[in-house]
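One structure is given here, and the rest of the page talks about it.
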Amino acid sequence: MPLQPVHSAPKDTDNVKASALDCENGRHSAIGSSKIEINGVVHATCRHCGCELMRLGASRRWFRTGPMGG
């Protein structure tokens, strides 16, 4: 069975809409200057939606933290 393509924003959309879709799907991008490491866990702020993020040492993916749904 062939691999399924990754769903992403169409090429004709602007970066703001594409980044909003990424954040909505859980693919956040951290602001480099906001990164702080505490006990092996890196904390940062998303450059597109402003939510609080964290990343463990072994993981290459940012996870949303802090108050949600408020």
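Letters for chains follow the order of the structure tokens (A, B, ...), residue numbers begin at 1 for each chain, and ligand numbers begin at 1 in the order shown.
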ask   = Hey, what's within 9 Å of Thr65 (chain A) if we count only C-alpha atoms and toss same-chain stuff fewer than 4 positions away? As a list of chain:residue names, please?
value = A:His43, A:Cys51, A:Glu52, A:Leu53, A:Met54
In Å and to one decimal, CA of Arg47 (chain A) is distant from CA of Ser19 (chain A) by 9.2 Å
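Nearest residue to Arg61 (chain A), choosing from A:Ser29, A:Thr45, A:Ser34, A:Asn39 and counting only C-alpha atoms: A:Ser29.
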Between A:Phe63, A:Ala18, A:Cys46, A:Arg55, smallest distance to Ile31 (chain A) by only C-alpha atoms belongs to A:Cys46
